[in-house]
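Text of the file my_file-v4.pdb, holding PDB, C-alpha atoms:
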ATOM      1  CA  MET G   1       0.000   0.000   0.000
ATOM      2  CA  SER G   2       2.835   2.363   0.787
ATOM      3  CA  ASP G   3       4.033   2.473  -2.806
ATOM      4  CA  THR G   4       0.720   4.066  -3.815
ATOM      5  CA  ALA G   5       1.173   7.017  -1.514
ATOM      6  CA  THR G   6       2.810   9.161  -4.147
ATOM      7  CA  SER G   7       1.015  12.471  -3.790
ATOM      8  CA  ASP G   8       4.130  14.060  -2.341
ATOM      9  CA  HIS G   9       6.542  12.449  -4.822
ATOM     10  CA  ALA G  10       8.431  14.693  -7.192
ATOM     11  CA  THR G  11       7.311  13.678 -10.688
ATOM     12  CA  THR G  12       8.403  14.842 -14.126
ATOM     13  CA  THR G  13       5.032  16.511 -14.664
ATOM     14  CA  GLY G  14       4.722  17.931 -11.165
ATOM     15  CA  MET G  15       1.525  15.988 -10.582
ATOM     16  CA  SER G  16       0.585  12.491  -9.475
ATOM     17  CA  HIS G  17       1.145  10.034 -12.312
ATOM     18  CA  ASN G  18      -1.205   7.519 -10.694
ATOM     19  CA  LYS G  19      -4.005  10.056 -10.810
ATOM     20  CA  LEU G  20      -3.091  11.083 -14.340
ATOM     21  CA  ALA G  21      -3.216   7.425 -15.402
ATOM     22  CA  MET G  22      -6.694   7.076 -13.876
ATOM     23  CA  TRP G  23      -7.934  10.141 -15.769
ATOM     24  CA  VAL G  24      -6.512   8.789 -19.048
ATOM     25  CA  PHE G  25      -8.214   5.463 -18.306
ATOM     26  CA  LEU G  26     -11.523   7.231 -17.599
ATOM     27  CA  GLY G  27     -11.173   9.187 -20.845
ATOM     28  CA  SER G  28     -10.809   5.871 -22.707
ATOM     29  CA  GLU G  29     -13.799   4.452 -20.824
ATOM     30  CA  CYS G  30     -15.915   7.229 -22.386
ATOM     31  CA  LEU G  31     -15.240   5.551 -25.740
ATOM     32  CA  LEU G  32     -16.267   2.122 -24.419
ATOM     33  CA  PHE G  33     -19.545   3.297 -22.947
ATOM     34  CA  GLY G  34     -20.146   5.610 -25.912
ATOM     35  CA  ALA G  35     -19.994   2.545 -28.168
ATOM     36  CA  LEU G  36     -22.402   0.577 -25.983
ATOM     37  CA  ILE G  37     -24.893   3.458 -25.651
ATOM     38  CA  SER G  38     -24.793   4.138 -29.409
ATOM     39  CA  THR G  39     -25.370   0.460 -30.174
ATOM     40  CA  TYR G  40     -28.375   0.471 -27.853
ATOM     41  CA  LEU G  41     -29.800   3.585 -29.541
ATOM     42  CA  VAL G  42     -29.468   1.969 -32.963
ATOM     43  CA  TYR G  43     -31.164  -1.265 -31.869
ATOM     44  CA  ARG G  44     -33.745  -0.080 -29.336
ATOM     45  CA  GLY G  45     -36.495  -0.171 -31.964
ATOM     46  CA  ARG G  46     -35.654  -3.721 -33.098
ATOM     47  CA  PHE G  47     -37.426  -5.914 -30.562
ATOM     48  CA  ALA G  48     -38.903  -8.424 -33.051
ATOM     49  CA  SER G  49     -41.666 -10.409 -31.318
ATOM     50  CA  GLY G  50     -40.169  -9.915 -27.851
ATOM     51  CA  PRO G  51     -41.050  -7.223 -25.306
ATOM     52  CA  ALA G  52     -40.359  -3.619 -26.354
ATOM     53  CA  PRO G  53     -38.395  -1.281 -24.085
ATOM     54  CA  GLY G  54     -41.417   0.949 -23.477
ATOM     55  CA  ASP G  55     -43.446  -2.079 -22.314
ATOM     56  CA  ILE G  56     -40.927  -3.485 -19.893
ATOM     57  CA  PHE G  57     -39.018  -0.650 -18.159
ATOM     58  CA  ASP G  58     -40.047   0.046 -14.564
ATOM     59  CA  ILE G  59     -39.207   3.743 -14.194
ATOM     60  CA  PRO G  60     -40.132   4.157 -10.489
ATOM     61  CA  PHE G  61     -37.922   1.195  -9.532
ATOM     62  CA  THR G  62     -34.985   2.364 -11.668
ATOM     63  CA  SER G  63     -35.377   5.899 -10.293
ATOM     64  CA  VAL G  64     -34.801   4.593  -6.764
ATOM     65  CA  SER G  65     -31.737   2.615  -7.941
ATOM     66  CA  SER G  66     -30.377   5.734  -9.649
ATOM     67  CA  PHE G  67     -30.858   7.791  -6.510
ATOM     68  CA  VAL G  68     -29.032   5.141  -4.458
ATOM     69  CA  LEU G  69     -26.040   5.202  -6.828
ATOM     70  CA  LEU G  70     -26.027   9.011  -6.880
ATOM     71  CA  MET G  71     -25.919   9.140  -3.090
ATOM     72  CA  SER G  72     -23.048   6.627  -3.079
ATOM     73  CA  SER G  73     -20.986   9.343  -4.784
ATOM     74  CA  LEU G  74     -21.659  11.568  -1.776
ATOM     75  CA  THR G  75     -20.535   8.883   0.689
ATOM     76  CA  MET G  76     -17.435   8.199  -1.454
ATOM     77  CA  VAL G  77     -16.365  11.815  -1.364
ATOM     78  CA  LEU G  78     -17.026  11.916   2.397
ATOM     79  CA  ALA G  79     -14.713   8.893   2.778
ATOM     80  CA  LEU G  80     -11.990  10.824   0.953
ATOM     81  CA  SER G  81     -12.601  13.932   3.017
ATOM     82  CA  ALA G  82     -12.343  11.875   6.221
ATOM     83  CA  ILE G  83      -9.006  10.231   5.342
ATOM     84  CA  LYS G  84      -7.552  13.579   4.273
ATOM     85  CA  ARG G  85      -8.341  14.822   7.799
ATOM     86  CA  GLY G  86      -6.791  11.668   9.264
ATOM     87  CA  ASP G  87     -10.225  10.590  10.560
ATOM     88  CA  LEU G  88      -9.831   6.844   9.883
ATOM     89  CA  ARG G  89     -12.999   5.816  11.765
ATOM     90  CA  ASN G  90     -15.253   7.940   9.546
ATOM     91  CA  ASN G  91     -13.233   6.929   6.500
ATOM     92  CA  ARG G  92     -14.080   3.274   7.192
ATOM     93  CA  LEU G  93     -17.714   4.145   7.881
ATOM     94  CA  TRP G  94     -18.156   6.003   4.570
ATOM     95  CA  LEU G  95     -16.216   3.389   2.568
ATOM     96  CA  LEU G  96     -18.484   0.683   3.931
ATOM     97  CA  THR G  97     -21.596   2.794   3.307
ATOM     98  CA  THR G  98     -20.501   3.392  -0.289
ATOM     99  CA  ALA G  99     -19.945  -0.346  -0.816
ATOM    100  CA  LEU G 100     -23.362  -1.102   0.697
ATOM    101  CA  LEU G 101     -25.113   1.463  -1.531
ATOM    102  CA  GLY G 102     -23.281   0.004  -4.538
ATOM    103  CA  SER G 103     -24.395  -3.492  -3.511
ATOM    104  CA  LEU G 104     -27.976  -2.241  -3.198
ATOM    105  CA  PHE G 105     -27.751  -0.900  -6.743
ATOM    106  CA  ILE G 106     -26.391  -4.232  -8.019
ATOM    107  CA  GLY G 107     -29.138  -6.084  -6.130
ATOM    108  CA  GLY G 108     -31.673  -3.881  -7.902
ATOM    109  CA  GLN G 109     -30.084  -4.655 -11.247
ATOM    110  CA  VAL G 110     -30.180  -8.411 -10.587
ATOM    111  CA  TYR G 111     -33.866  -8.067  -9.640
ATOM    112  CA  GLU G 112     -34.551  -6.051 -12.817
ATOM    113  CA  PHE G 113     -32.754  -8.566 -15.059
ATOM    114  CA  THR G 114     -34.588 -11.468 -13.412
ATOM    115  CA  THR G 115     -37.949  -9.742 -13.850
ATOM    116  CA  PHE G 116     -37.221  -8.979 -17.512
ATOM    117  CA  PHE G 117     -36.196 -12.595 -18.108
ATOM    118  CA  ARG G 118     -39.444 -13.855 -16.562
ATOM    119  CA  GLU G 119     -41.353 -11.475 -18.828
ATOM    120  CA  GLY G 120     -39.713 -13.056 -21.878
ATOM    121  CA  LEU G 121     -36.722 -10.772 -22.443
ATOM    122  CA  GLY G 122     -33.608 -12.967 -22.723
ATOM    123  CA  TYR G 123     -30.144 -11.941 -23.876
ATOM    124  CA  THR G 124     -30.750 -13.238 -27.418
ATOM    125  CA  THR G 125     -34.469 -12.444 -27.693
ATOM    126  CA  SER G 126     -33.900  -9.441 -29.965
ATOM    127  CA  PRO G 127     -31.205  -6.943 -31.001
ATOM    128  CA  PHE G 128     -32.752  -4.564 -28.433
ATOM    129  CA  SER G 129     -32.401  -7.078 -25.590
ATOM    130  CA  SER G 130     -28.785  -7.929 -26.501
ATOM    131  CA  ALA G 131     -27.819  -4.244 -26.632
ATOM    132  CA  PHE G 132     -29.676  -3.478 -23.399
ATOM    133  CA  PHE G 133     -28.207  -6.355 -21.378
ATOM    134  CA  THR G 134     -24.697  -5.715 -22.750
ATOM    135  CA  LEU G 135     -24.791  -2.017 -21.858
ATOM    136  CA  THR G 136     -26.329  -2.305 -18.391
ATOM    137  CA  GLY G 137     -24.390  -5.535 -17.704
ATOM    138  CA  PHE G 138     -21.071  -3.831 -18.481
ATOM    139  CA  HIS G 139     -22.034  -1.005 -16.176
ATOM    140  CA  GLY G 140     -22.977  -3.513 -13.473
ATOM    141  CA  VAL G 141     -19.577  -5.202 -13.810
ATOM    142  CA  HIS G 142     -17.900  -1.807 -13.345
ATOM    143  CA  VAL G 143     -19.945  -1.164 -10.190
ATOM    144  CA  SER G 144     -19.085  -4.655  -8.895
ATOM    145  CA  LEU G 145     -15.355  -4.059  -9.457
ATOM    146  CA  GLY G 146     -15.735  -0.770  -7.607
ATOM    147  CA  ILE G 147     -17.347  -2.565  -4.655
ATOM    148  CA  ILE G 148     -14.436  -5.033  -4.558
ATOM    149  CA  MET G 149     -11.942  -2.125  -4.515
ATOM    150  CA  LEU G 150     -13.918  -0.352  -1.775
ATOM    151  CA  MET G 151     -13.997  -3.475   0.373
ATOM    152  CA  SER G 152     -10.249  -3.993  -0.202
ATOM    153  CA  MET G 153      -9.639  -0.479   1.108
ATOM    154  CA  PHE G 154     -11.986  -1.104   4.042
ATOM    155  CA  ILE G 155     -10.096  -4.278   4.995
ATOM    156  CA  SER G 156      -6.732  -2.497   4.545
ATOM    157  CA  SER G 157      -7.983   0.226   6.863
ATOM    158  CA  LEU G 158      -9.049  -2.323   9.489
ATOM    159  CA  ARG G 159      -5.565  -3.876   9.296
ATOM    160  CA  GLY G 160      -4.026  -0.432   9.776
ATOM    161  CA  SER G 161      -2.379  -0.273   6.358
ATOM    162  CA  LEU G 162      -4.611   2.511   4.987
ATOM    163  CA  ARG G 163      -3.660   5.748   6.681
ATOM    164  CA  LYS G 164      -3.786   9.486   6.033
ATOM    165  CA  GLU G 165      -0.695   9.362   3.808
ATOM    166  CA  HIS G 166      -2.537   6.928   1.501
ATOM    167  CA  SER G 167      -5.387   9.343   0.783
ATOM    168  CA  GLU G 168      -4.440   9.389  -2.890
ATOM    169  CA  THR G 169      -5.393   5.698  -3.178
ATOM    170  CA  VAL G 170      -8.870   6.554  -1.872
ATOM    171  CA  GLU G 171      -9.027   9.522  -4.238
ATOM    172  CA  ILE G 172      -8.116   7.431  -7.303
ATOM    173  CA  ILE G 173     -10.641   4.694  -6.515
ATOM    174  CA  GLY G 174     -13.125   7.484  -5.779
ATOM    175  CA  LEU G 175     -12.558   8.867  -9.281
ATOM    176  CA  TYR G 176     -13.434   5.456 -10.711
ATOM    177  CA  TRP G 177     -16.547   5.280  -8.534
ATOM    178  CA  HIS G 178     -17.753   8.757  -9.538
ATOM    179  CA  PHE G 179     -17.170   7.882 -13.191
ATOM    180  CA  VAL G 180     -19.397   4.827 -12.834
ATOM    181  CA  ASP G 181     -22.026   7.155 -11.345
ATOM    182  CA  ILE G 182     -21.643   9.610 -14.242
ATOM    183  CA  VAL G 183     -22.128   6.802 -16.765
ATOM    184  CA  TRP G 184     -25.350   5.830 -14.994
ATOM    185  CA  ILE G 185     -26.530   9.463 -15.159
ATOM    186  CA  PHE G 186     -26.272   9.081 -18.962
ATOM    187  CA  ILE G 187     -27.838   5.604 -19.054
ATOM    188  CA  PHE G 188     -30.739   6.550 -16.784
ATOM    189  CA  THR G 189     -31.680   9.538 -18.955
ATOM    190  CA  VAL G 190     -30.986   8.189 -22.433
ATOM    191  CA  ILE G 191     -32.156   4.598 -21.986
ATOM    192  CA  TYR G 192     -34.899   4.863 -19.363
ATOM    193  CA  LEU G 193     -36.337   8.396 -19.296
ATOM    194  CA  VAL G 194     -36.300   9.318 -22.986
ATOM    195  CA  PRO G 195     -39.540   7.768 -24.287
ATOM    196  CA  SER G 196     -38.903   4.296 -25.720
ATOM    197  CA  PRO G 197     -40.723   2.420 -28.489
ATOM    198  CA  THR G 198     -43.655   0.229 -27.440
ATOM    199  CA  SER G 199     -45.020  -2.874 -29.183
TER     200      SER G 199
ATOM    201  CA  MET J   1      -9.709  27.904  15.700
ATOM    202  CA  SER J   2      -7.514  30.419  13.882
ATOM    203  CA  THR J   3      -8.815  33.324  11.799
ATOM    204  CA  ALA J   4      -7.554  31.577   8.679
ATOM    205  CA  GLU J   5      -9.522  28.436   9.536
ATOM    206  CA  ILE J   6     -12.699  30.422  10.125
ATOM    207  CA  THR J   7     -12.279  32.109   6.743
ATOM    208  CA  GLU J   8     -11.793  28.725   5.068
ATOM    209  CA  GLU J   9     -14.980  27.349   6.583
ATOM    210  CA  GLN J  10     -16.898  30.411   5.496
ATOM    211  CA  ASN J  11     -15.729  29.800   1.956
ATOM    212  CA  ASP J  12     -16.707  26.096   2.200
ATOM    213  CA  VAL J  13     -13.231  25.183   1.008
ATOM    214  CA  VAL J  14     -10.625  23.172   2.896
ATOM    215  CA  HIS J  15      -6.920  23.298   2.106
ATOM    216  CA  ASP J  16      -4.656  20.280   2.383
ATOM    217  CA  ASP J  17      -1.241  19.206   1.187
ATOM    218  CA  ASP J  18      -2.361  18.453  -2.353
ATOM    219  CA  HIS J  19      -5.009  20.981  -3.321
ATOM    220  CA  ASP J  20      -8.185  22.708  -2.169
ATOM    221  CA  HIS J  21     -11.360  20.705  -1.815
ATOM    222  CA  PRO J  22     -14.862  21.513  -0.562
ATOM    223  CA  SER J  23     -15.966  21.008   3.034
ATOM    224  CA  ASP J  24     -18.319  18.155   3.984
ATOM    225  CA  SER J  25     -21.265  20.548   4.306
ATOM    226  CA  LYS J  26     -20.644  21.715   0.746
ATOM    227  CA  TYR J  27     -20.695  18.087  -0.432
ATOM    228  CA  PHE J  28     -24.092  17.623   1.239
ATOM    229  CA  GLN J  29     -25.406  20.746  -0.511
ATOM    230  CA  ILE J  30     -24.181  19.422  -3.863
ATOM    231  CA  ALA J  31     -25.797  16.038  -3.206
ATOM    232  CA  LEU J  32     -29.057  17.842  -2.424
ATOM    233  CA  ILE J  33     -28.900  19.683  -5.755
ATOM    234  CA  LEU J  34     -28.217  16.370  -7.552
ATOM    235  CA  GLY J  35     -31.141  14.751  -5.720
ATOM    236  CA  VAL J  36     -33.503  17.589  -6.705
ATOM    237  CA  LEU J  37     -32.363  17.379 -10.342
ATOM    238  CA  THR J  38     -32.982  13.609 -10.327
ATOM    239  CA  ALA J  39     -36.442  14.168  -8.857
ATOM    240  CA  LEU J  40     -37.191  16.710 -11.614
ATOM    241  CA  GLU J  41     -35.985  14.202 -14.234
ATOM    242  CA  VAL J  42     -38.265  11.516 -12.835
ATOM    243  CA  ALA J  43     -41.153  14.029 -12.687
ATOM    244  CA  THR J  44     -40.996  14.333 -16.490
ATOM    245  CA  TYR J  45     -42.115  10.692 -16.634
ATOM    246  CA  TYR J  46     -45.385  11.626 -14.916
ATOM    247  CA  VAL J  47     -45.955  15.173 -16.223
ATOM    248  CA  ASP J  48     -46.384  15.715 -19.956
ATOM    249  CA  ILE J  49     -44.222  18.642 -21.084
ATOM    250  CA  GLY J  50     -44.620  17.922 -24.791
ATOM    251  CA  PRO J  51     -41.790  18.527 -27.256
ATOM    252  CA  ALA J  52     -39.643  20.138 -24.537
ATOM    253  CA  LEU J  53     -39.155  16.730 -22.888
ATOM    254  CA  ILE J  54     -35.956  15.560 -24.585
ATOM    255  CA  PRO J  55     -34.142  18.960 -24.502
ATOM    256  CA  VAL J  56     -35.074  19.375 -20.807
ATOM    257  CA  LEU J  57     -33.836  15.855 -19.978
ATOM    258  CA  MET J  58     -30.583  16.419 -21.885
ATOM    259  CA  VAL J  59     -29.914  19.714 -20.106
ATOM    260  CA  MET J  60     -30.510  18.179 -16.662
ATOM    261  CA  MET J  61     -28.313  15.191 -17.547
ATOM    262  CA  VAL J  62     -25.437  17.435 -18.660
ATOM    263  CA  VAL J  63     -25.790  19.651 -15.569
ATOM    264  CA  LYS J  64     -25.632  16.578 -13.288
ATOM    265  CA  PHE J  65     -22.620  15.293 -15.209
ATOM    266  CA  PHE J  66     -20.713  18.556 -14.771
ATOM    267  CA  ILE J  67     -21.637  18.888 -11.088
ATOM    268  CA  VAL J  68     -20.293  15.397 -10.291
ATOM    269  CA  ALA J  69     -17.151  15.897 -12.401
ATOM    270  CA  ALA J  70     -16.402  19.381 -11.060
ATOM    271  CA  TRP J  71     -17.176  18.901  -7.360
ATOM    272  CA  PHE J  72     -17.064  15.202  -6.484
ATOM    273  CA  MET J  73     -14.210  14.394  -8.893
ATOM    274  CA  HIS J  74     -12.474  17.660  -7.940
ATOM    275  CA  LEU J  75     -11.802  18.753 -11.534
ATOM    276  CA  ARG J  76     -12.713  22.268 -10.432
ATOM    277  CA  PHE J  77      -9.819  22.273  -7.988
ATOM    278  CA  ASP J  78      -7.260  19.947  -9.606
ATOM    279  CA  ASN J  79      -4.616  20.398 -12.274
ATOM    280  CA  SER J  80      -6.257  21.377 -15.587
ATOM    281  CA  LEU J  81      -4.366  18.594 -17.398
ATOM    282  CA  PHE J  82      -6.695  16.020 -15.749
ATOM    283  CA  THR J  83      -9.682  17.887 -17.186
ATOM    284  CA  LYS J  84      -8.061  17.980 -20.622
ATOM    285  CA  PHE J  85      -7.489  14.214 -20.706
ATOM    286  CA  PHE J  86     -11.010  13.432 -19.538
ATOM    287  CA  VAL J  87     -12.762  15.998 -21.736
ATOM    288  CA  GLY J  88     -10.538  14.883 -24.636
ATOM    289  CA  GLY J  89     -11.836  11.314 -24.314
ATOM    290  CA  LEU J  90     -15.397  12.524 -23.872
ATOM    291  CA  VAL J  91     -15.346  14.856 -26.888
ATOM    292  CA  LEU J  92     -13.740  12.145 -29.036
ATOM    293  CA  ALA J  93     -16.392   9.636 -27.927
ATOM    294  CA  VAL J  94     -19.281  12.034 -28.620
ATOM    295  CA  ALA J  95     -17.852  12.970 -32.048
ATOM    296  CA  VAL J  96     -17.212   9.353 -33.094
ATOM    297  CA  TYR J  97     -20.632   8.101 -32.014
ATOM    298  CA  VAL J  98     -22.599  11.072 -33.392
ATOM    299  CA  ILE J  99     -20.995  10.224 -36.744
ATOM    300  CA  ALA J 100     -21.695   6.503 -36.223
ATOM    301  CA  LEU J 101     -25.353   7.195 -35.364
ATOM    302  CA  SER J 102     -25.619   9.449 -38.418
ATOM    303  CA  THR J 103     -24.453   6.627 -40.693
ATOM    304  CA  PHE J 104     -27.308   4.524 -39.276
ATOM    305  CA  GLU J 105     -29.722   7.426 -40.021
ATOM    306  CA  PHE J 106     -30.576   7.477 -36.305
ATOM    307  CA  TRP J 107     -31.538  11.154 -36.264
ATOM    308  CA  SER J 108     -34.136  10.807 -39.023
ATOM    309  CA  LYS J 109     -35.492   7.389 -38.021
ATOM    310  CA  GLY J 110     -35.358   7.998 -34.245
TER     311      GLY J 110
END

Could you rewrite the structure in this file as structure tokens?
Amino acid sequence: MSDTATSDHATTTGMSHNKLAMWVFLGSECLLFGALISTYLVYRGRFASGPAPGDIFDIPFTSVSSFVLLMSSLTMVLALSAIKRGDLRNNRLWLLTTALLGSLFIGGQVYEFTTFFREGLGYTTSPFSSAFFTLTGFHGVHVSLGIIMLMSMFISSLRGSLRKEHSETVEIIGLYWHFVDIVWIFIFTVIYLVPSPTS
Amino acid sequence: MSTAEITEEQNDVVHDDDHDHPSDSKYFQIALILGVLTALEVATYYVDIGPALIPVLMVMMVVKFFIVAAWFMHLRFDNSLFTKFFVGGLVLAVAVYVIALSTFEFWSKG
């Protein structure tokens, strides 16, 4: 863990290279999710004989999930704020809360996928279903990886190996978490709230 | 509490070794704004606002995006090179996929 505490290192650019690398990675992730969102938009009207998006989306349920993920960004930034102050107890509390909110979001996604499947929307039912499950599934995998990273930091903190001087590690994982939230802001509006075709 | 600390709290900005960042109370205020914007977005599902729907949704989405990036991701306070890399990827993605959607005649077919 100590080798990640580089915020006070002298670097050739005068800034943290770890953080720079994360921002470059997030910039490239825009291309990945852009591709998946565009593919969905192209295929959302091609639902063949299966359920159409407008028939199957549960907006009230997804709204609650979106709110949960949005609030997890608040708890993430509070975790960072706490470790920067050297307040390790609150840092652990907010890290755990963020992981729990993320898990709640994933639980909601599993419930949504299961419900859709029961209503006849499988992965290969139609081009719409394939694009939808690929896009939201990829996002879900990103959230799940974020939860694993949050829990790793939580366990490191319990073991005493995550301290104030490692705040940059929390900041970098926080950047990833906020990015996942930003992607959902796009998905929630473009896929769920913009009126979808009905059968 | 020193005079300097009081001034910092009044400005809702905390200084540390790396860079400035907002205070916890400021983060709560920002989360409240994001929550209200989300509620307004969801309200458009229940209230018919006609042809203004999609532009209104897009504006709220972009505002939420910039609030999270600027305040929670600290782009507002960090080195501008981070912003350039992120915005560079974002602009490239939007340009590439607007062109891709155009080749599929998405804008005319919907």

Which residues of chain J come within 8 Å of chain G, and what is each one's closest atom pair and distance in Å (one decimal), counting all atoms listed in the file, sorted by chain and residue number, as CSV?
residue,atom,partner,partner_atom,distance
J:Asp16,CA,G:Lys84,CA,7.5
J:Asp18,CA,G:Ser7,CA,7.0
J:Ser23,CA,G:Ser81,CA,7.8
J:Asp24,CA,G:Leu78,CA,6.6
J:Tyr27,CA,G:Leu74,CA,6.7
J:Phe28,CA,G:Leu74,CA,7.2
J:Ala31,CA,G:Leu74,CA,6.3
J:Leu34,CA,G:Leu70,CA,7.7
J:Gly35,CA,G:Phe67,CA,7.0
J:Thr38,CA,G:Phe67,CA,7.3
J:Glu41,CA,G:Leu193,CA,7.7
J:Val42,CA,G:Ser63,CA,6.8
J:Tyr45,CA,G:Leu193,CA,6.8
J:Leu53,CA,G:Val194,CA,7.9
J:Ile54,CA,G:Val194,CA,6.5
J:Leu57,CA,G:Thr189,CA,6.8
J:Met58,CA,G:Thr189,CA,7.6
J:Met61,CA,G:Ile185,CA,6.5
J:Lys64,CA,G:Ile185,CA,7.4
J:Phe65,CA,G:Ile182,CA,5.8
J:Val68,CA,G:Ile182,CA,7.1
J:Ala69,CA,G:His178,CA,7.7
J:Phe72,CA,G:Val77,CA,6.2
J:Met73,CA,G:Leu175,CA,5.8
J:Asn79,CA,G:Met15,CA,7.7
J:Phe82,CA,G:Trp23,CA,6.0
J:Phe85,CA,G:Val24,CA,5.8
J:Phe86,CA,G:Gly27,CA,4.4
J:Val87,CA,G:Gly27,CA,7.1
J:Gly88,CA,G:Gly27,CA,6.9
J:Gly89,CA,G:Gly27,CA,4.1
J:Leu90,CA,G:Cys30,CA,5.5
J:Leu92,CA,G:Leu31,CA,7.5
J:Ala93,CA,G:Leu31,CA,4.8
J:Val94,CA,G:Gly34,CA,7.0
J:Tyr97,CA,G:Ser38,CA,6.3
J:Ala100,CA,G:Ser38,CA,7.8
J:Leu101,CA,G:Ser38,CA,6.7
J:Phe104,CA,G:Val42,CA,7.1
J:Phe106,CA,G:Val42,CA,6.5

Atom-to-atom span, atom CA of G:Gly86 and atom CA of G:Arg159, Å: 15.6 Å

Once you add 8 Å to each side, what are the centre and edge lengths of the axis-aligned box holding all listed atoms of stretch 162-176 of chain G? One decimal in Å, as lines of an AutoDock Vina configuration file, if you can.
center_x = -7.1
center_y = 6.0
center_z = -2.0
size_x = 28.7
size_y = 23.0
size_z = 33.4

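Computed from the coordinates, the atom CA of G:Phe105 to atom CA of J:Ala70 distance equals 23.6 Å.
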
Carefully work through the PyMOL selection byres ((chain G and resi 102) around 7) for this structure and note down the residues it includes, as a PyMOL selection string. chain G and resi 69+72+98-101+103-106+143+147
